[in-house]
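> Dropping in entry-v7.cif, which is mmCIF, C-alpha atoms and all ligand atoms:
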```
data_target
loop_
_atom_site.label_atom_id
_atom_site.label_comp_id
_atom_site.auth_asym_id
_atom_site.auth_seq_id
_atom_site.Cartn_x
_atom_site.Cartn_y
_atom_site.Cartn_z
CA MET A 72 0.00 0.00 0.00
CA GLU A 73 1.22 3.51 -0.79
CA GLU A 74 0.20 6.67 1.06
CA LYS A 75 1.16 10.29 0.57
CA THR A 76 1.89 12.86 3.26
CA LYS A 77 3.38 16.33 3.47
CA CYS A 78 5.39 15.27 6.48
CA LEU A 79 6.52 11.92 7.86
CA ILE A 80 7.88 11.92 11.41
CA ILE A 81 10.01 8.95 12.46
CA GLY A 82 10.15 8.47 16.22
CA SER A 83 7.93 9.02 19.25
CA GLY A 84 10.23 10.59 21.85
CA PRO A 85 9.95 14.25 22.94
CA ALA A 86 11.39 15.33 19.56
CA GLY A 87 8.99 13.27 17.42
CA TYR A 88 5.79 14.05 19.34
CA THR A 89 6.66 17.77 19.56
CA ALA A 90 7.26 17.82 15.80
CA GLY A 91 3.81 16.19 15.56
CA ILE A 92 2.18 18.97 17.61
CA TYR A 93 3.75 21.72 15.51
CA THR A 94 3.28 20.15 12.06
CA SER A 95 -0.32 19.17 12.73
CA ARG A 96 -1.13 22.67 14.00
CA ALA A 97 0.45 23.99 10.78
CA ASN A 98 -1.96 21.77 8.79
CA LEU A 99 0.69 19.46 7.36
CA HIS A 100 -1.35 16.37 8.39
CA PRO A 101 1.76 14.52 9.58
CA ILE A 102 2.07 10.76 9.85
CA LEU A 103 4.22 9.65 12.80
CA TYR A 104 5.72 6.18 13.24
CA GLU A 105 6.39 5.37 16.89
CA GLY A 106 8.98 2.61 16.60
CA LEU A 107 9.58 -0.12 19.16
CA GLN A 108 9.98 2.20 22.15
CA VAL A 109 6.68 4.07 22.19
CA GLY A 110 7.31 7.39 23.96
CA GLY A 111 11.09 7.09 23.68
CA GLN A 112 13.76 6.92 26.36
CA LEU A 113 11.79 8.72 29.07
CA THR A 114 9.51 5.71 29.32
CA ILE A 115 12.30 3.72 30.96
CA THR A 116 12.85 6.21 33.74
CA THR A 117 10.79 6.97 36.83
CA GLU A 118 10.54 10.57 38.01
CA VAL A 119 11.46 13.48 35.75
CA GLU A 120 12.09 16.62 37.79
CA ASN A 121 13.62 18.95 35.22
CA PHE A 122 10.96 19.21 32.50
CA PRO A 123 9.44 22.71 32.83
CA GLY A 124 5.80 22.89 33.84
CA PHE A 125 5.82 20.14 36.48
CA PRO A 126 6.91 21.68 39.80
CA GLU A 127 6.19 18.42 41.63
CA GLY A 128 7.98 16.31 38.99
CA VAL A 129 6.30 13.86 36.64
CA GLN A 130 6.72 10.17 35.81
CA GLY A 131 8.51 9.74 32.47
CA THR A 132 5.71 7.57 31.07
CA ASP A 133 3.03 10.12 32.13
CA LEU A 134 4.95 13.00 30.56
CA MET A 135 5.26 11.17 27.26
CA GLU A 136 1.60 10.15 27.29
CA HIS A 137 0.65 13.85 27.82
CA ILE A 138 2.79 14.93 24.86
CA ARG A 139 1.38 12.06 22.75
CA GLN A 140 -2.20 13.11 23.57
CA GLN A 141 -1.35 16.70 22.62
CA ALA A 142 -0.01 15.55 19.23
CA LEU A 143 -3.13 13.38 18.68
CA LYS A 144 -5.43 16.24 19.67
CA PHE A 145 -4.20 18.35 16.76
CA GLY A 146 -4.51 15.49 14.29
CA THR A 147 -1.11 13.79 14.12
CA ASP A 148 -1.71 10.39 12.52
CA ILE A 149 0.23 8.26 15.02
CA ARG A 150 1.02 4.70 13.98
CA SER A 151 2.64 1.68 15.56
CA GLY A 152 5.61 0.28 13.71
CA MET A 153 9.08 0.95 12.48
CA ILE A 154 10.36 2.62 9.37
CA THR A 155 12.72 -0.02 8.03
CA LYS A 156 13.88 1.49 4.73
CA VAL A 157 14.18 4.99 3.29
CA ASP A 158 15.01 6.29 -0.14
CA PHE A 159 16.03 9.95 0.01
CA SER A 160 17.57 9.96 -3.49
CA GLN A 161 14.66 11.93 -4.91
CA ARG A 162 11.65 13.93 -3.76
CA PRO A 163 9.06 13.00 -2.71
CA PHE A 164 10.87 10.56 -0.43
CA HIS A 165 9.90 6.89 -0.23
CA CYS A 166 9.92 5.36 3.26
CA THR A 167 8.84 1.80 3.99
CA ALA A 168 7.27 0.66 7.24
CA ASP A 169 7.67 -2.82 8.72
CA ASP A 170 4.19 -3.84 7.54
CA GLY A 171 5.18 -3.00 3.97
CA THR A 172 3.32 0.34 3.76
CA ILE A 173 5.20 2.83 1.61
CA ILE A 174 4.89 6.42 2.77
CA ILE A 175 5.59 8.96 0.05
CA ALA A 176 6.57 12.09 1.92
CA ASP A 177 7.33 15.65 0.82
CA THR A 178 9.36 16.14 3.99
CA VAL A 179 10.73 13.78 6.63
CA ILE A 180 11.62 14.55 10.24
CA VAL A 181 14.00 11.98 11.70
CA ALA A 182 13.66 11.78 15.50
CA THR A 183 14.88 8.25 16.18
CA GLY A 184 16.97 9.13 19.25
CA ALA A 185 20.09 7.54 20.63
CA SER A 186 20.03 4.65 23.05
CA ALA A 187 22.31 4.54 26.07
CA ARG A 188 24.68 1.57 26.03
CA TRP A 189 24.17 -0.72 29.02
CA LEU A 190 26.43 -3.28 30.64
CA GLY A 191 23.97 -6.12 30.10
CA LEU A 192 23.75 -7.26 33.73
CA ASP A 193 20.42 -8.62 34.99
CA SER A 194 20.80 -6.52 38.14
CA GLU A 195 21.27 -3.42 35.97
CA LYS A 196 17.87 -4.04 34.38
CA LYS A 197 16.30 -4.76 37.76
CA PHE A 198 17.41 -1.45 39.31
CA ASN A 199 17.11 0.73 36.19
CA GLY A 200 15.41 3.91 37.36
CA TYR A 201 15.81 2.82 40.99
CA GLY A 202 19.48 3.55 41.52
CA VAL A 203 20.81 2.78 38.05
CA SER A 204 20.94 5.59 35.52
CA ALA A 205 22.63 6.53 32.27
CA CYS A 206 22.28 10.29 32.75
CA ALA A 207 23.93 12.31 35.53
CA THR A 208 22.29 15.59 34.42
CA CYS A 209 18.91 13.86 34.68
CA ASP A 210 19.31 11.89 37.89
CA GLY A 211 22.35 13.24 39.77
CA PHE A 212 20.16 15.50 41.91
CA PHE A 213 18.53 12.43 43.51
CA TYR A 214 21.94 11.43 44.94
CA ARG A 215 22.89 14.68 46.67
CA GLY A 216 25.25 13.96 49.57
CA LYS A 217 25.38 10.24 48.75
CA ASP A 218 28.10 7.94 47.42
CA VAL A 219 27.80 6.80 43.80
CA ALA A 220 29.78 4.94 41.15
CA VAL A 221 30.31 5.89 37.52
CA ILE A 222 31.23 3.17 35.04
CA GLY A 223 33.37 4.06 32.03
CA GLY A 224 36.62 5.67 30.99
CA GLY A 225 35.86 8.05 28.13
CA ASP A 226 34.94 11.72 28.02
CA THR A 227 31.32 11.00 28.98
CA ALA A 228 32.35 9.06 32.08
CA ALA A 229 34.84 11.76 33.11
CA GLU A 230 32.22 14.46 32.58
CA GLU A 231 29.52 12.54 34.48
CA ALA A 232 31.95 11.89 37.35
CA THR A 233 32.97 15.54 37.72
CA TYR A 234 29.35 16.68 37.51
CA LEU A 235 28.29 14.16 40.17
CA ALA A 236 31.25 15.12 42.36
CA SER A 237 29.67 18.56 42.77
CA LEU A 238 26.51 16.97 44.19
CA CYS A 239 27.57 13.72 45.82
CA ARG A 240 29.74 12.94 48.81
CA LYS A 241 31.96 10.54 46.94
CA VAL A 242 32.19 9.31 43.36
CA TYR A 243 33.99 6.08 42.43
CA LEU A 244 35.00 6.07 38.79
CA VAL A 245 35.24 2.41 37.82
CA HIS A 246 37.23 1.66 34.69
CA ARG A 247 38.35 -1.65 33.23
CA ARG A 248 41.79 -0.34 32.22
CA ASN A 249 44.54 1.45 34.14
CA GLU A 250 44.19 4.68 32.22
CA LEU A 251 41.30 6.80 31.01
CA ARG A 252 40.41 7.26 27.34
CA ALA A 253 39.06 10.75 28.10
CA SER A 254 40.88 13.82 26.80
CA LYS A 255 43.86 14.99 28.85
CA ALA A 256 41.92 18.06 30.01
CA MET A 257 39.02 15.93 31.23
CA GLN A 258 41.42 13.53 32.95
CA GLN A 259 43.07 16.42 34.79
CA ARG A 260 39.67 17.60 35.98
CA VAL A 261 38.92 14.13 37.30
CA PHE A 262 42.28 13.72 39.02
CA ASN A 263 42.04 17.20 40.56
CA THR A 264 38.61 16.55 42.06
CA GLU A 265 39.08 15.48 45.65
CA ASN A 266 35.96 13.39 46.06
CA ILE A 267 36.48 11.27 42.92
CA GLU A 268 38.28 8.01 43.60
CA MET A 269 39.58 6.03 40.63
CA VAL A 270 38.94 2.30 40.71
CA TRP A 271 41.28 0.96 38.02
CA ASP A 272 41.30 -2.38 36.21
CA SER A 273 37.84 -3.20 37.47
CA VAL A 274 34.54 -4.26 35.96
CA PRO A 275 31.07 -4.34 37.51
CA VAL A 276 29.85 -7.83 38.34
CA GLU A 277 26.54 -7.13 40.02
CA ILE A 278 24.49 -4.22 41.26
CA LEU A 279 23.31 -4.99 44.76
CA GLY A 280 20.12 -3.68 46.28
CA GLU A 281 17.00 -4.15 48.31
CA GLU A 282 13.54 -4.81 46.98
CA GLN A 283 10.40 -4.04 48.96
CA LYS A 284 6.82 -4.45 47.84
CA PHE A 285 6.57 -1.03 46.15
CA SER A 286 10.15 0.16 45.95
CA LYS A 287 13.69 -0.83 45.14
CA ASN A 288 17.01 0.78 45.93
CA VAL A 289 20.67 0.19 45.28
CA THR A 290 22.99 -0.50 48.21
CA GLY A 291 26.23 -1.49 46.54
CA LEU A 292 28.22 -2.46 43.50
CA LYS A 293 30.16 -5.71 43.31
CA ILE A 294 33.26 -5.28 41.15
CA LYS A 295 36.03 -7.56 39.98
CA ASN A 296 39.64 -6.59 39.47
CA VAL A 297 40.47 -7.93 36.01
CA LYS A 298 44.15 -8.48 36.91
CA THR A 299 43.79 -10.16 40.30
CA GLU A 300 40.29 -11.60 39.70
CA GLN A 301 39.51 -10.42 43.22
CA GLU A 302 35.94 -9.26 43.91
CA SER A 303 35.01 -6.43 46.25
CA ILE A 304 31.98 -4.31 47.08
CA LEU A 305 31.62 -0.55 46.84
CA ASN A 306 29.00 0.80 49.23
CA ILE A 307 27.12 3.18 46.99
CA GLU A 308 23.50 4.18 46.40
CA GLY A 309 23.64 5.06 42.71
CA VAL A 310 25.34 3.62 39.64
CA PHE A 311 25.76 5.76 36.54
CA ILE A 312 26.55 3.82 33.38
CA ALA A 313 28.63 6.07 31.12
CA ILE A 314 29.89 3.78 28.37
CA GLY A 315 28.40 5.74 25.51
CA HIS A 316 25.30 6.04 23.37
CA HIS A 317 24.26 4.44 20.14
CA PRO A 318 22.41 6.70 17.68
CA ASN A 319 19.51 4.89 15.99
CA THR A 320 20.58 5.65 12.44
CA GLU A 321 21.15 2.26 10.79
CA VAL A 322 18.19 2.92 8.49
CA PHE A 323 19.80 6.16 7.30
CA ASN A 324 23.25 4.76 6.46
CA ASN A 325 24.16 5.83 2.91
CA GLN A 326 21.10 8.10 2.83
CA LEU A 327 22.12 10.92 5.18
CA GLU A 328 25.46 12.38 6.16
CA LEU A 329 26.45 10.92 9.54
CA ASP A 330 29.45 11.64 11.75
CA ALA A 331 32.01 8.98 12.71
CA GLU A 332 29.82 7.81 15.61
CA GLY A 333 26.70 7.59 13.45
CA TYR A 334 24.94 10.80 14.59
CA ILE A 335 23.09 12.72 11.86
CA LEU A 336 24.90 15.90 10.86
CA THR A 337 22.73 19.01 10.71
CA GLN A 338 23.52 22.53 9.60
CA PRO A 339 24.42 24.54 12.71
CA GLY A 340 21.42 26.25 14.30
CA THR A 341 18.92 24.33 12.14
CA SER A 342 17.51 20.83 11.77
CA LYS A 343 18.53 20.65 8.09
CA THR A 344 20.40 17.53 7.00
CA ASN A 345 22.44 17.27 3.79
CA ILE A 346 19.24 16.28 1.95
CA PRO A 347 16.89 19.25 1.38
CA GLY A 348 13.50 18.31 2.85
CA VAL A 349 14.89 15.85 5.41
CA PHE A 350 15.27 17.22 8.93
CA ALA A 351 16.69 15.67 12.10
CA ALA A 352 15.76 16.46 15.69
CA GLY A 353 16.70 15.34 19.19
CA ASP A 354 19.30 12.91 20.45
CA VAL A 355 19.81 11.42 16.99
CA GLN A 356 21.70 14.61 16.04
CA ASP A 357 22.68 15.96 19.46
CA LYS A 358 25.60 14.41 21.30
CA GLN A 359 25.96 17.26 23.72
CA TYR A 360 22.75 18.06 25.58
CA LYS A 361 20.64 14.89 25.36
CA GLN A 362 17.72 16.16 27.42
CA ALA A 363 13.98 15.84 26.94
CA ILE A 364 13.54 19.61 26.77
CA THR A 365 16.29 20.07 24.17
CA ALA A 366 14.87 17.17 22.13
CA ALA A 367 11.38 18.72 22.30
CA ALA A 368 12.82 22.09 21.24
CA ALA A 369 14.63 20.41 18.35
CA GLY A 370 11.34 18.77 17.31
CA CYS A 371 9.76 22.22 17.20
CA LYS A 372 12.62 23.57 15.08
CA ALA A 373 12.39 20.64 12.65
CA ALA A 374 8.65 21.19 12.27
CA VAL A 375 9.12 24.89 11.53
CA ASP A 376 11.95 24.09 9.10
CA ALA A 377 9.73 21.52 7.33
CA GLU A 378 6.89 24.02 7.10
CA HIS A 379 9.18 26.69 5.59
CA PHE A 380 10.63 24.15 3.18
CA LEU A 381 7.15 23.23 1.93
CA LEU A 382 6.24 26.91 1.47
CA GLU A 383 9.44 27.59 -0.46
CA ASN A 384 9.05 24.48 -2.61
CA ALA A 385 5.30 24.60 -3.18
C1 LIG B 401 17.12 6.36 32.04
C2 LIG B 401 17.00 7.74 31.42
C3 LIG B 401 16.56 8.79 32.20
C4 LIG B 401 16.45 10.05 31.65
N1 LIG B 401 15.99 11.07 32.43
C5 LIG B 401 15.85 12.30 31.91
C6 LIG B 401 15.35 13.37 32.70
O1 LIG B 401 15.07 13.22 33.90
N2 LIG B 401 15.22 14.58 32.10
C7 LIG B 401 15.56 14.80 30.79
O2 LIG B 401 15.39 15.92 30.31
N3 LIG B 401 16.04 13.80 30.02
C8 LIG B 401 16.19 12.57 30.55
N4 LIG B 401 16.70 11.56 29.78
C9 LIG B 401 17.12 11.86 28.40
C10 LIG B 401 15.89 11.93 27.49
O3 LIG B 401 15.11 10.78 27.69
C11 LIG B 401 16.33 12.03 26.04
O4 LIG B 401 17.20 13.13 25.88
C12 LIG B 401 15.12 12.22 25.13
O5 LIG B 401 14.19 11.18 25.31
C13 LIG B 401 15.54 12.27 23.66
O6 LIG B 401 14.38 12.40 22.91
P1 LIG B 401 14.31 12.01 21.37
O7 LIG B 401 12.93 12.33 20.94
O8 LIG B 401 15.43 12.62 20.65
O9 LIG B 401 14.57 10.45 21.28
P2 LIG B 401 14.08 9.19 22.13
O10 LIG B 401 13.39 9.54 23.38
O11 LIG B 401 15.29 8.31 22.19
O12 LIG B 401 13.02 8.51 21.15
C14 LIG B 401 13.40 7.91 19.96
C15 LIG B 401 12.18 7.33 19.30
O13 LIG B 401 12.50 6.86 18.00
C16 LIG B 401 11.82 5.65 17.76
N5 LIG B 401 12.51 4.96 16.68
C17 LIG B 401 13.80 4.57 16.60
N6 LIG B 401 14.05 4.00 15.41
C18 LIG B 401 12.88 4.04 14.71
C19 LIG B 401 12.47 3.61 13.41
N7 LIG B 401 13.34 3.03 12.57
N8 LIG B 401 11.18 3.80 13.03
C20 LIG B 401 10.29 4.40 13.86
N9 LIG B 401 10.62 4.86 15.09
C21 LIG B 401 11.90 4.67 15.51
C22 LIG B 401 11.84 4.95 19.12
O14 LIG B 401 10.84 3.96 19.20
C23 LIG B 401 11.58 6.14 20.03
O15 LIG B 401 10.21 6.35 20.13
C24 LIG B 401 16.81 10.27 30.30
C25 LIG B 401 17.27 9.22 29.51
C26 LIG B 401 17.36 7.96 30.06
C27 LIG B 401 17.84 6.81 29.19
#
```
Would you mind writing the file out in structure tokens?

Amino acid sequence: MEEKTKCLIIGSGPAGYTAGIYTSRANLHPILYEGLQVGGQLTITTEVENFPGFPEGVQGTDLMEHIRQQALKFGTDIRSGMITKVDFSQRPFHCTADDGTIIIADTVIVATGASARWLGLDSEKKFNGYGVSACATCDGFFYRGKDVAVIGGGDTAAEEATYLASLCRKVYLVHRRNELRASKAMQQRVFNTENIEMVWDSVPVEILGEEQKFSKNVTGLKIKNVKTEQESILNIEGVFIAIGHHPNTEVFNNQLELDAEGYILTQPGTSKTNIPGVFAAGDVQDKQYKQAITAAAAGCKAAVDAEHFLLENA
């Protein structure tokens, strides 16, 4: 089956749904494909305290459901399913969904996000959102005055550790090698921060915690020294996994210009990709800020850019 639209939005995180609100209010009758993670990354967290408009905080799933309802209210045609193939070689663009539907779109907004990389431990899954996080900016505040561990050795880990050190009593930076991969400047910042303790040559084995009827919390991190094979326990209340992100751009390989890590390149200050009429918004093109509010703002910008593009190319 083939269908035509002025605007196809790929992704249902803050960027995708916000693009839906703006493009539907601009009468573009957008079609939005939600992908496997309906509502995006915020649906795997618990409380969100930094999204404006919710002084008491809001559950990630509730926030995303509110934004979804707002997009639906203005007429965004929201559909389950993935976009599995795109052809941006000519306009209108041809995009294929996993049920075989071909969407022929005058503009496309890519908002497929970037997934945090996880260690793959069962205990990590169990305590995700209850002491395990992949975002210090998002969750560091919950660990004020407490002891936490950061896992990783690159720039992200160094940055997360120094940020957390300003809030927490003590930060253990656990790295599997005996030197950091982070830039020299970042390393210096880490080494000069008194309450960061390096834990070299060590890998996490298990996240320890308590589970009550309605709550869970982390109480420690079991680690293993890879040289001595010796196991030990760090008494901490939060674990921040900082081993990188994976932009969801496989579908756009050879279709859009990506950077070395696979993030979509956009023209500075805009959502424009190298293909006129294709726009990118949110974590899929933003390695730096990676917040719900910045993703939502990027979704707005992409919608406005798509609208202007359609006017100019009517
Ligand atoms: C555990 C955790 C806690 C967080 N807490 C906070 C917080 O407190 N405050 C904050 O501001 N930020 C927080 N963040 C960061 C925030 O969630 C992200 O910055 C934000 O969700 C990015 O939005 P996005 O729309 O760019 O992408 P995402 O939210 O990643 O959404 C991407 C969407 O694309 C869809 N998709 C992917 N591929 C396809 C495809 N081929 N076809 C169709 N759809 C596709 C997915 O299903 C998903 O819906 C947190 C992140 C995590 C992981």
> Which distance in Å separates atom CA of A:Ser151 and atom CA of A:Asn325, to one decimal?
25.3 Å
> Any chance you could tabulate, as CSV, the residues of chain A at most 6 Å from ligand LIG 401 (chain B) with each one's nearest atom pair and distance in Å to one decimal, using all atoms listed in the file, in chain and rising number order?

```
residue,atom,partner,partner_atom,distance
A:Ile81,CA,B:LIG401,C20,4.8
A:Gly82,CA,B:LIG401,O13,3.4
A:Ser83,CA,B:LIG401,O15,3.6
A:Gly84,CA,B:LIG401,O7,3.3
A:Pro85,CA,B:LIG401,O7,4.1
A:Ala86,CA,B:LIG401,O7,3.6
A:Gly87,CA,B:LIG401,O7,5.4
A:Tyr104,CA,B:LIG401,C20,4.9
A:Glu105,CA,B:LIG401,N9,4.6
A:Gly106,CA,B:LIG401,N9,3.2
A:Leu107,CA,B:LIG401,O14,4.3
A:Gln108,CA,B:LIG401,O14,3.5
A:Val109,CA,B:LIG401,O15,4.7
A:Gly110,CA,B:LIG401,O15,4.9
A:Gly111,CA,B:LIG401,O10,3.4
A:Gln112,CA,B:LIG401,O10,4.0
A:Leu113,CA,B:LIG401,O3,4.1
A:Ile115,CA,B:LIG401,C1,5.6
A:Thr116,CA,B:LIG401,C1,4.6
A:Val119,CA,B:LIG401,O1,4.1
A:Glu120,CA,B:LIG401,O1,6.0
A:Asn121,CA,B:LIG401,N2,5.6
A:Phe122,CA,B:LIG401,O2,5.9
A:Met153,CA,B:LIG401,N8,3.6
A:Ile154,CA,B:LIG401,N8,3.9
A:Thr155,CA,B:LIG401,N7,5.5
A:Ala182,CA,B:LIG401,O8,5.5
A:Thr183,CA,B:LIG401,O13,3.3
A:Gly184,CA,B:LIG401,O9,3.4
A:Ala185,CA,B:LIG401,O11,5.1
A:Ala187,CA,B:LIG401,C27,5.9
A:Ser204,CA,B:LIG401,C1,5.2
A:Ala205,CA,B:LIG401,C1,5.5
A:Cys206,CA,B:LIG401,C4,5.9
A:Cys209,CA,B:LIG401,O1,4.0
A:Asp210,CA,B:LIG401,O1,6.0
A:Asn319,CA,B:LIG401,N6,5.6
A:Gly353,CA,B:LIG401,O8,3.3
A:Asp354,CA,B:LIG401,O8,3.9
A:Val355,CA,B:LIG401,O8,5.8
A:Lys361,CA,B:LIG401,O4,3.9
A:Gln362,CA,B:LIG401,O4,3.4
A:Ala363,CA,B:LIG401,O2,3.7
A:Ile364,CA,B:LIG401,O2,5.4
A:Ala366,CA,B:LIG401,O8,4.8
```
> One number please: atom CA of A:Val129 to atom CA of A:Asn199, in Å, one decimal.
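Going from atom CA of A:Val129 over to atom CA of A:Asn199, I get 17.0 Å.
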> Please measure the separation of atom CA of A:Asn266 and atom CA of A:Ala229, giving the value in Å to one decimal.
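Those two atoms sit 13.1 Å apart.
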> What are the nearest atom pairs, with distances in Å to one decimal, for all residues of stretch 212-287 of chain A that come at most 12 Å from stretch 305-317 of chain A, using all atoms listed in the file, set out by chain and rising residue number as a tab-separated table?

```
residue	atom	partner	partner_atom	distance
A:Phe212	CA	A:Gly309	CA	11.0
A:Phe213	CA	A:Gly309	CA	9.0
A:Tyr214	CA	A:Gly309	CA	7.0
A:Arg215	CA	A:Gly309	CA	10.4
A:Gly216	CA	A:Glu308	CA	10.4
A:Lys217	CA	A:Glu308	CA	6.8
A:Asp218	CA	A:Ile307	CA	4.9
A:Val219	CA	A:Gly309	CA	4.6
A:Ala220	CA	A:Val310	CA	4.9
A:Val221	CA	A:Phe311	CA	4.7
A:Ile222	CA	A:Ile312	CA	5.0
A:Gly223	CA	A:Ile314	CA	5.1
A:Gly224	CA	A:Ile314	CA	7.5
A:Gly225	CA	A:Ile314	CA	7.3
A:Asp226	CA	A:Ala313	CA	9.0
A:Thr227	CA	A:Ala313	CA	6.0
A:Ala228	CA	A:Ala313	CA	4.9
A:Ala229	CA	A:Ala313	CA	8.7
A:Glu230	CA	A:Ala313	CA	9.2
A:Glu231	CA	A:Ala313	CA	7.3
A:Ala232	CA	A:Phe311	CA	8.7
A:Tyr234	CA	A:Phe311	CA	11.5
A:Leu235	CA	A:Phe311	CA	9.5
A:Cys239	CA	A:Gly309	CA	10.0
A:Arg240	CA	A:Ile307	CA	10.3
A:Lys241	CA	A:Ile307	CA	8.8
A:Val242	CA	A:Ile307	CA	8.7
A:Tyr243	CA	A:Leu305	CA	8.3
A:Leu244	CA	A:Phe311	CA	9.5
A:Val245	CA	A:Ile312	CA	9.9
A:His246	CA	A:Ile314	CA	9.9
A:Arg247	CA	A:Ile314	CA	11.2
A:Arg252	CA	A:Ile314	CA	11.1
A:Ala253	CA	A:Ile314	CA	11.5
A:Glu268	CA	A:Leu305	CA	11.3
A:Val270	CA	A:Leu305	CA	10.0
A:Ser273	CA	A:Leu305	CA	11.6
A:Val274	CA	A:Ile312	CA	11.7
A:Pro275	CA	A:Val310	CA	10.0
A:Val276	CA	A:Leu305	CA	11.3
A:Glu277	CA	A:Leu305	CA	10.8
A:Ile278	CA	A:Val310	CA	8.1
A:Leu279	CA	A:Asn306	CA	9.3
A:Gly280	CA	A:Glu308	CA	8.6
A:Glu281	CA	A:Glu308	CA	10.7
A:Lys287	CA	A:Glu308	CA	11.1
```
> Any idea what's packed within 10 Å of A:Ile335, counting all atoms listed in the file, ignoring anything in its chain fewer than 2 positions away? Could you give it as a list in words?
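Final neighbour list, sorted by chain and number: Val181, Pro318, Asn319, Thr320, Phe323, Asn324, Leu327, Glu328, Leu329, Asp330, Ala331, Glu332, Gly333, Thr337, Ser342, Lys343, Thr344, Asn345, Phe350, Ala351, Ala352, Asp354, Val355, Gln356, Asp357 and Lys358 of chain A.
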> Write the residues of the preceding selection, restricted to C-alpha atoms, as a tab-separated table (two decimals), in the frame of the given file.

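again_35.tsv, freshly written:
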```tsv
chain	number	residue	atom	x	y	z
A	181	VAL	CA	14.00	11.98	11.70
A	318	PRO	CA	22.41	6.70	17.68
A	319	ASN	CA	19.51	4.89	15.99
A	320	THR	CA	20.58	5.65	12.44
A	323	PHE	CA	19.80	6.16	7.30
A	324	ASN	CA	23.25	4.76	6.46
A	327	LEU	CA	22.12	10.92	5.18
A	328	GLU	CA	25.46	12.38	6.16
A	329	LEU	CA	26.45	10.92	9.54
A	330	ASP	CA	29.45	11.64	11.75
A	331	ALA	CA	32.01	8.98	12.71
A	332	GLU	CA	29.82	7.81	15.61
A	333	GLY	CA	26.70	7.59	13.45
A	337	THR	CA	22.73	19.01	10.71
A	342	SER	CA	17.51	20.83	11.77
A	343	LYS	CA	18.53	20.65	8.09
A	344	THR	CA	20.40	17.53	7.00
A	345	ASN	CA	22.44	17.27	3.79
A	350	PHE	CA	15.27	17.22	8.93
A	351	ALA	CA	16.69	15.67	12.10
A	352	ALA	CA	15.76	16.46	15.69
A	354	ASP	CA	19.30	12.91	20.45
A	355	VAL	CA	19.81	11.42	16.99
A	356	GLN	CA	21.70	14.61	16.04
A	357	ASP	CA	22.68	15.96	19.46
A	358	LYS	CA	25.60	14.41	21.30
```
> Can you list, as an MDAnalysis selection string, every protein, DNA or RNA residue that comes within 6 Å of stretch 136-146 of chain A when you count all atoms listed in the file, leaving out same-chain residues fewer than 4 positions away?
chainID A and resid 88 91:92 95:96
> Which residue, A:Ala207, A:Leu251, A:Leu238, A:Ile80, has the smallest gap to A:Val179 when you use all atoms listed in the file?
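Ranking A:Ala207, A:Leu251, A:Leu238, A:Ile80 by distance to A:Val179, first place goes to A:Ile80.
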> Of the residues A:Leu103, A:Lys156, A:Trp271, A:Tyr334, which is the one nearest to A:Thr89, using only C-alpha atoms?
A:Leu103
> Using all atoms listed in the file, which of the listed residues (A:Gly128, A:Pro123, A:Gly171, A:Gly340) sits closest to A:Met72?
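Counting all atoms listed in the file, the residue closest to A:Met72 is A:Gly171.
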> Rank nothing, just name the residue among A:Lys293, A:Arg188, A:His379, A:Lys196 nearest to A:Ala97, using only C-alpha atoms.
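Checking each of A:Lys293, A:Arg188, A:His379, A:Lys196 against A:Ala97, counting only C-alpha atoms, the winner is A:His379.
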> For each of A:Glu282, A:Asp272, A:Glu321, A:Glu127, take the minimum atom-to-atom distance to A:Glu300, counting all atoms listed in the file, then give the residue where this is smallest.
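Once distances to A:Glu300 are computed over all atoms listed in the file, the minimum belongs to A:Asp272.
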> Would you kindly place N, CA and C atoms on stretch 330-338 of chain A and return the model as an mmCIF file, keeping the file's coordinate frame?

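Final output, result14.cif:
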```cif
data_model
loop_
_atom_site.group_PDB
_atom_site.id
_atom_site.type_symbol
_atom_site.label_atom_id
_atom_site.label_comp_id
_atom_site.auth_asym_id
_atom_site.auth_seq_id
_atom_site.Cartn_x
_atom_site.Cartn_y
_atom_site.Cartn_z
ATOM 1 N N ASP A 330 28.072 11.470 11.289
ATOM 2 C CA ASP A 330 29.450 11.640 11.750
ATOM 3 C C ASP A 330 30.059 10.271 12.040
ATOM 4 N N ALA A 331 31.298 10.263 12.532
ATOM 5 C CA ALA A 331 32.010 8.980 12.710
ATOM 6 C C ALA A 331 31.285 8.057 13.685
ATOM 7 N N GLU A 332 30.533 8.658 14.629
ATOM 8 C CA GLU A 332 29.820 7.810 15.610
ATOM 9 C C GLU A 332 28.422 7.436 15.151
ATOM 10 N N GLY A 333 28.016 7.953 13.981
ATOM 11 C CA GLY A 333 26.700 7.590 13.450
ATOM 12 C C GLY A 333 25.606 8.608 13.743
ATOM 13 N N TYR A 334 25.952 9.753 14.354
ATOM 14 C CA TYR A 334 24.940 10.800 14.590
ATOM 15 C C TYR A 334 24.678 11.551 13.280
ATOM 16 N N ILE A 335 23.425 11.978 13.078
ATOM 17 C CA ILE A 335 23.090 12.720 11.860
ATOM 18 C C ILE A 335 23.676 14.130 11.953
ATOM 19 N N LEU A 336 24.333 14.548 10.878
ATOM 20 C CA LEU A 336 24.900 15.900 10.860
ATOM 21 C C LEU A 336 23.834 16.879 10.379
ATOM 22 N N THR A 337 23.680 17.968 11.128
ATOM 23 C CA THR A 337 22.730 19.010 10.710
ATOM 24 C C THR A 337 23.466 20.332 10.582
ATOM 25 N N GLN A 338 22.890 21.211 9.746
ATOM 26 C CA GLN A 338 23.520 22.530 9.600
ATOM 27 C C GLN A 338 23.367 23.283 10.912
#
```
